[in-house]
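Worksheet: the structure to be examined is printed underneath.
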There are 2 protein chains.
Amino acid sequence: MNIHMIKKEKIKDKKSALLNATLTLVNDHGFHDAPMSKIAKLAGVAPATIYLYFKNKQDLINNLYLEVKASFSDCAFKGYHNTMPVKKGFEIIWYNIADYKLNLVNEAAFLSQCDNTPMIDEEIRKEGLKHLQPLLDLWDQGKKEGIIKPLSIFVLYAYTIYPLTFLMAMQERNLYTLNTKVLDETFQAAWDAIKL
Amino acid sequence: MNIHMIKKEKIKDKKSALLNATLTLVNDHGFHDAPMSKIAKLAGVAPATIYLYFKNKQDLINNLYLEVKASFSDCAFKGYHNTMPVKKGFEIIWYNIADYKLNLVNEAAFLSQCDNTPMIDEEIRKEGLKHLQPLLDLWDQGKKEGIIKPLSIFVLYAYTIYPLTFLMAMQERNLYTLNTKVLDETFQAAWDAIKL
DNA sequence: AAATTATAAATGAACGTTCATTCTTTTTGG
DNA sequence: CCAAAAAGAATGAACGTTCATTTATAATTT
């Protein structure tokens, strides 16, 4: 690693420290109570430094949203390939997403907050949705093969993936905990909802 | 209606005008961009007047949350009685909630925003949850009768009611529209997820 | 290799604005 | 004419953002 790489790494560190700090503060106190001053302090930089890396607060939030969304998708399709049988593929993706939501709680909670408030620009939100295409394709395939009900992708998502957001939230509030056995039963519920 | 009632009505009008204005602004721009000055203006009162009816902004939001939550529950259990057969009762409640989420979009979107951000005090949130008891009792009954899977109430909620929140959001963003036929298919998905 | 200059990164203080809330005055209904 | 309700102006605090400097790094010259 030469001297230029070190420099780049340092910059990346600061940027990701800022994104991390934002994630934490927005999760803990909400967008309305996550001022730039606190974000800077938590990231260990001066307030003005934020503006070297991001145009403004909205840009910071948008960037964080896209970054987290990308990490989510990366995780979702780990070990998946579109040559797999539909049910097997769905199972892999579903468990990947469950893992993500239940382990990377902060990231998942942030996404859920973004998706239910007007804090993200609509165009940015749309950009974040593209990553999910392989799952939509899988569902199409399943419908063609007569394995999955001929429902809209929105209904399919609502009844298989979206419920995990709720369970994650309940777990974070210590109202509920998912173990492996319960997770299997939960997958079964998702599958029963959409299978033909 | 005597003269005192008129006065009370007027007070109620102002209070509900404030709650309505808050609902609108929080929905359209988020909590972080719904200042008291704008709320007052939209409600047609002076900023200071808000403080005659609410202790502070948080109190205003909390009150709104509880009021909307109550209206939601009222709607949810319309025409339901616990002497009904489990499936019939569940069907009535499910369609009631679907109606609410798809017609009273503003109220439902507000609740979804509250439930996914730290903008509501945790104790207030817990208070708002109590209203749902009849549904939880119904599920208990269903489990006893062997009609419904022996899953936690959180999973049951996640796979039957919660998905409607997602469909509502997609509908509000004009990405999707539910007609009567699709709604029936959607109910079927909910039921398939939890029925034994 | 040391010394000097140029460039980039980072800072803390300061800006104008907006916020939630309060204070004082005016209006209103009985 | 009085108490309650409402208004509007005023408040300090806090906000996002910018600015003039300082500090650190790189390039160039001795």
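In the structure tokens, the first chain shown is A, the next is B, and so on; residue numbers restart at 1 for each chain, and ligands run from 1 in the order shown.
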Near chain D, 8 Å: chain B residue rows, closest pairs, only C-alpha atoms (C1' of nucleotides), as JSON lines:
```
{"residue": "B:Ala46", "atom": "CA", "partner": "D:DA7", "partner_atom": "C1'", "distance": 6.0}
{"residue": "B:Ala48", "atom": "CA", "partner": "D:DA7", "partner_atom": "C1'", "distance": 7.7}
{"residue": "B:Thr49", "atom": "CA", "partner": "D:DA6", "partner_atom": "C1'", "distance": 6.3}
```
Keeping C-alpha atoms for every residue in the selection just given, could you write it to a file as an mmCIF file, in the first residue's frame?
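The result, written out as out_21.cif:
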```
data_model
loop_
_atom_site.group_PDB
_atom_site.id
_atom_site.type_symbol
_atom_site.label_atom_id
_atom_site.label_comp_id
_atom_site.auth_asym_id
_atom_site.auth_seq_id
_atom_site.Cartn_x
_atom_site.Cartn_y
_atom_site.Cartn_z
ATOM 1 C CA ALA B 46 -51.537 32.278 16.637
ATOM 2 C CA ALA B 48 -49.048 31.113 21.336
ATOM 3 C CA THR B 49 -52.557 29.681 21.193
#
```
Sorted by chain and rising residue number, list the residues of chain B at most 9 Å from chain C (counting only C-alpha atoms (C1' of nucleotides)), each with its closest atom pair and distance in Å to one decimal, as a Markdown table.
```
| residue | atom | partner | partner_atom | distance |
| --- | --- | --- | --- | --- |
| B:Pro35 | CA | C:DC19 | C1' | 7.2 |
| B:Met36 | CA | C:DA20 | C1' | 7.2 |
| B:Ser37 | CA | C:DC19 | C1' | 8.9 |
| B:Ala48 | CA | C:DT21 | C1' | 8.1 |
| B:Tyr51 | CA | C:DT21 | C1' | 8.6 |
| B:Asn56 | CA | C:DA20 | C1' | 8.1 |
| B:Lys57 | CA | C:DA20 | C1' | 7.7 |
```
Chain B contacts to chain A at 6 Å (only C-alpha atoms) as a list in words: His29, Gly30, His32, Gln113, Asn116, Thr117, Pro118, Ala158, Tyr159, Pro163, Phe166, Ala189, Asp192 and Ala193 of chain B
Determine, counting only C-alpha atoms (C1' of nucleotides), which protein, DNA and RNA residues have an atom within 12 Å of an atom of stretch 15-17 of chain B; residues of the same chain fewer than 5 positions away are not included. Present the result as a PDB file with N, CA and C atoms, in the first residue's frame.
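File produced: result_4.pdb:
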```pdb
ATOM      1  N   LYS B   8     -67.762  24.950  24.303  1.00  0.00           N
ATOM      2  CA  LYS B   8     -66.968  23.716  24.294  1.00  0.00           C
ATOM      3  C   LYS B   8     -66.690  23.248  22.876  1.00  0.00           C
ATOM      4  N   GLU B   9     -67.680  23.375  22.041  1.00  0.00           N
ATOM      5  CA  GLU B   9     -67.512  22.989  20.647  1.00  0.00           C
ATOM      6  C   GLU B   9     -66.393  23.789  19.989  1.00  0.00           C
ATOM      7  N   LYS B  10     -66.441  25.075  20.274  1.00  0.00           N
ATOM      8  CA  LYS B  10     -65.433  25.958  19.686  1.00  0.00           C
ATOM      9  C   LYS B  10     -64.028  25.544  20.122  1.00  0.00           C
ATOM     10  N   THR B  22     -51.265  19.500  12.384  1.00  0.00           N
ATOM     11  CA  THR B  22     -50.052  18.753  12.717  1.00  0.00           C
ATOM     12  C   THR B  22     -49.953  17.491  11.877  1.00  0.00           C
ATOM     13  N   LEU B  23     -51.053  16.771  11.796  1.00  0.00           N
ATOM     14  CA  LEU B  23     -51.097  15.551  10.988  1.00  0.00           C
ATOM     15  C   LEU B  23     -50.652  15.829   9.561  1.00  0.00           C
ATOM     16  N   THR B  24     -51.233  16.859   8.982  1.00  0.00           N
ATOM     17  CA  THR B  24     -50.905  17.197   7.592  1.00  0.00           C
ATOM     18  C   THR B  24     -49.434  17.534   7.416  1.00  0.00           C
ATOM     19  N   ILE B  39     -47.721  25.062  11.922  1.00  0.00           N
ATOM     20  CA  ILE B  39     -48.888  24.357  12.456  1.00  0.00           C
ATOM     21  C   ILE B  39     -49.962  25.369  12.836  1.00  0.00           C
ATOM     22  N   ALA B  40     -49.522  26.406  13.521  1.00  0.00           N
ATOM     23  CA  ALA B  40     -50.462  27.457  13.941  1.00  0.00           C
ATOM     24  C   ALA B  40     -51.118  28.105  12.723  1.00  0.00           C
ATOM     25  N   LYS B  41     -50.313  28.446  11.772  1.00  0.00           N
ATOM     26  CA  LYS B  41     -50.839  29.115  10.573  1.00  0.00           C
ATOM     27  C   LYS B  41     -51.877  28.244   9.864  1.00  0.00           C
ATOM     28  N   LEU B  42     -51.533  26.980   9.687  1.00  0.00           N
ATOM     29  CA  LEU B  42     -52.449  26.070   8.995  1.00  0.00           C
ATOM     30  C   LEU B  42     -53.742  25.859   9.785  1.00  0.00           C
ATOM     31  N   ALA B  43     -53.637  25.916  11.097  1.00  0.00           N
ATOM     32  CA  ALA B  43     -54.833  25.739  11.933  1.00  0.00           C
ATOM     33  C   ALA B  43     -55.594  27.048  12.090  1.00  0.00           C
ATOM     34  N   GLY B  44     -55.005  28.120  11.624  1.00  0.00           N
ATOM     35  CA  GLY B  44     -55.683  29.412  11.695  1.00  0.00           C
ATOM     36  C   GLY B  44     -55.657  30.043  13.068  1.00  0.00           C
ATOM     37  N   VAL B  45     -54.592  29.807  13.830  1.00  0.00           N
ATOM     38  CA  VAL B  45     -54.452  30.430  15.147  1.00  0.00           C
ATOM     39  C   VAL B  45     -53.050  31.004  15.298  1.00  0.00           C
ATOM     40  N   THR B  49     -51.281  30.349  20.884  1.00  0.00           N
ATOM     41  CA  THR B  49     -52.557  29.681  21.193  1.00  0.00           C
ATOM     42  C   THR B  49     -52.380  28.176  21.365  1.00  0.00           C
ATOM     43  N   ILE B  50     -51.421  27.617  20.634  1.00  0.00           N
ATOM     44  CA  ILE B  50     -51.177  26.177  20.754  1.00  0.00           C
ATOM     45  C   ILE B  50     -50.948  25.802  22.208  1.00  0.00           C
ATOM     46  N   TYR B  51     -50.268  26.702  22.909  1.00  0.00           N
ATOM     47  CA  TYR B  51     -49.864  26.401  24.287  1.00  0.00           C
ATOM     48  C   TYR B  51     -51.007  26.532  25.282  1.00  0.00           C
ATOM     49  N   LEU B  52     -52.151  26.968  24.823  1.00  0.00           N
ATOM     50  CA  LEU B  52     -53.348  26.921  25.657  1.00  0.00           C
ATOM     51  C   LEU B  52     -53.915  25.512  25.665  1.00  0.00           C
ATOM     52  N   TYR B  53     -53.630  24.754  24.623  1.00  0.00           N
ATOM     53  CA  TYR B  53     -54.225  23.424  24.468  1.00  0.00           C
ATOM     54  C   TYR B  53     -53.238  22.289  24.691  1.00  0.00           C
ATOM     55  N   PHE B  54     -51.965  22.603  24.475  1.00  0.00           N
ATOM     56  CA  PHE B  54     -50.938  21.569  24.643  1.00  0.00           C
ATOM     57  C   PHE B  54     -49.738  22.139  25.396  1.00  0.00           C
ATOM     58  N   LEU B  60     -48.192  17.802  22.050  1.00  0.00           N
ATOM     59  CA  LEU B  60     -49.076  17.882  20.877  1.00  0.00           C
ATOM     60  C   LEU B  60     -48.990  16.620  20.032  1.00  0.00           C
ATOM     61  N   ASN B  63     -50.466  13.582  21.875  1.00  0.00           N
ATOM     62  CA  ASN B  63     -51.928  13.627  21.837  1.00  0.00           C
ATOM     63  C   ASN B  63     -52.463  13.196  20.484  1.00  0.00           C
ATOM     64  N   LEU B  64     -51.826  13.702  19.456  1.00  0.00           N
ATOM     65  CA  LEU B  64     -52.253  13.334  18.106  1.00  0.00           C
ATOM     66  C   LEU B  64     -52.130  11.835  17.903  1.00  0.00           C
ATOM     67  N   GLU B  67     -54.856  10.018  19.765  1.00  0.00           N
ATOM     68  CA  GLU B  67     -56.172  10.234  19.141  1.00  0.00           C
ATOM     69  C   GLU B  67     -56.323   9.397  17.875  1.00  0.00           C
ATOM     70  N   VAL B  68     -55.298   9.426  17.044  1.00  0.00           N
ATOM     71  CA  VAL B  68     -55.375   8.682  15.786  1.00  0.00           C
ATOM     72  C   VAL B  68     -55.409   7.184  16.062  1.00  0.00           C
TER      73      VAL B  68
END
```
Residue set, stretch 113-162 of chain A restricted to alpha helix (DSSP H), as a ChimeraX atom specification: /A:113-115,122-129,133-144,153-160,162
Export of prior selection with N, CA and C atoms as a short mmCIF file (atom, residue, chain, number, x, y, z; two decimals), in the first residue's frame:
```cif
data_model
loop_
_atom_site.label_atom_id
_atom_site.label_comp_id
_atom_site.auth_asym_id
_atom_site.auth_seq_id
_atom_site.Cartn_x
_atom_site.Cartn_y
_atom_site.Cartn_z
N GLN A 113 -36.92 3.54 8.99
CA GLN A 113 -37.27 4.93 9.29
C GLN A 113 -37.34 5.75 7.99
N CYS A 114 -36.38 5.51 7.12
CA CYS A 114 -36.37 6.23 5.85
C CYS A 114 -37.58 5.91 5.00
N ASP A 115 -37.98 4.64 5.02
CA ASP A 115 -39.07 4.22 4.14
C ASP A 115 -40.44 4.62 4.65
N GLU A 122 -37.64 11.57 -2.92
CA GLU A 122 -38.34 10.47 -3.61
C GLU A 122 -37.47 9.81 -4.68
N GLU A 123 -36.73 10.61 -5.41
CA GLU A 123 -35.88 10.06 -6.48
C GLU A 123 -34.79 9.15 -5.92
N ILE A 124 -34.24 9.57 -4.80
CA ILE A 124 -33.21 8.75 -4.14
C ILE A 124 -33.81 7.43 -3.68
N ARG A 125 -35.02 7.50 -3.16
CA ARG A 125 -35.70 6.30 -2.70
C ARG A 125 -35.87 5.32 -3.85
N LYS A 126 -36.26 5.86 -4.99
CA LYS A 126 -36.46 5.00 -6.17
C LYS A 126 -35.16 4.33 -6.58
N GLU A 127 -34.08 5.10 -6.49
CA GLU A 127 -32.77 4.55 -6.83
C GLU A 127 -32.44 3.36 -5.93
N GLY A 128 -32.78 3.48 -4.67
CA GLY A 128 -32.48 2.43 -3.71
C GLY A 128 -33.27 1.16 -3.93
N LEU A 129 -34.37 1.30 -4.68
CA LEU A 129 -35.26 0.15 -4.89
C LEU A 129 -34.73 -0.80 -5.96
N GLN A 133 -34.13 -6.11 -7.77
CA GLN A 133 -34.59 -6.73 -9.02
C GLN A 133 -34.50 -8.25 -9.04
N PRO A 134 -33.38 -8.84 -8.61
CA PRO A 134 -33.28 -10.30 -8.68
C PRO A 134 -34.42 -11.02 -7.96
N LEU A 135 -34.86 -10.44 -6.85
CA LEU A 135 -35.98 -11.05 -6.12
C LEU A 135 -37.27 -10.96 -6.93
N LEU A 136 -37.46 -9.81 -7.56
CA LEU A 136 -38.66 -9.64 -8.38
C LEU A 136 -38.65 -10.62 -9.55
N ASP A 137 -37.48 -10.81 -10.13
CA ASP A 137 -37.35 -11.77 -11.22
C ASP A 137 -37.66 -13.19 -10.75
N LEU A 138 -37.15 -13.49 -9.57
CA LEU A 138 -37.40 -14.82 -9.01
C LEU A 138 -38.90 -15.05 -8.85
N TRP A 139 -39.60 -14.04 -8.36
CA TRP A 139 -41.04 -14.17 -8.18
C TRP A 139 -41.75 -14.36 -9.51
N ASP A 140 -41.31 -13.63 -10.50
CA ASP A 140 -41.88 -13.79 -11.84
C ASP A 140 -41.75 -15.24 -12.30
N GLN A 141 -40.55 -15.76 -12.12
CA GLN A 141 -40.28 -17.15 -12.48
C GLN A 141 -41.22 -18.09 -11.74
N GLY A 142 -41.35 -17.85 -10.44
CA GLY A 142 -42.23 -18.68 -9.61
C GLY A 142 -43.67 -18.63 -10.07
N LYS A 143 -44.10 -17.47 -10.49
CA LYS A 143 -45.47 -17.34 -10.99
C LYS A 143 -45.64 -18.14 -12.29
N LYS A 144 -44.66 -18.02 -13.17
CA LYS A 144 -44.70 -18.76 -14.44
C LYS A 144 -44.78 -20.26 -14.20
N ILE A 153 -45.97 -7.87 -7.25
CA ILE A 153 -44.74 -7.93 -6.47
C ILE A 153 -44.86 -7.17 -5.15
N PHE A 154 -45.74 -6.18 -5.12
CA PHE A 154 -45.91 -5.41 -3.90
C PHE A 154 -46.57 -6.26 -2.81
N VAL A 155 -47.55 -7.03 -3.21
CA VAL A 155 -48.21 -7.91 -2.25
C VAL A 155 -47.23 -8.99 -1.80
N LEU A 156 -46.50 -9.54 -2.74
CA LEU A 156 -45.54 -10.58 -2.39
C LEU A 156 -44.51 -10.04 -1.39
N TYR A 157 -44.03 -8.85 -1.65
CA TYR A 157 -43.06 -8.25 -0.72
C TYR A 157 -43.71 -7.99 0.63
N ALA A 158 -44.90 -7.44 0.58
CA ALA A 158 -45.60 -7.08 1.82
C ALA A 158 -45.81 -8.29 2.74
N TYR A 159 -46.00 -9.47 2.15
CA TYR A 159 -46.33 -10.65 2.94
C TYR A 159 -45.16 -11.59 3.19
N THR A 160 -43.99 -11.25 2.70
CA THR A 160 -42.85 -12.13 2.96
C THR A 160 -41.68 -11.40 3.61
N TYR A 162 -41.53 -7.73 4.20
CA TYR A 162 -41.90 -6.60 5.05
C TYR A 162 -42.20 -6.99 6.50
#
```
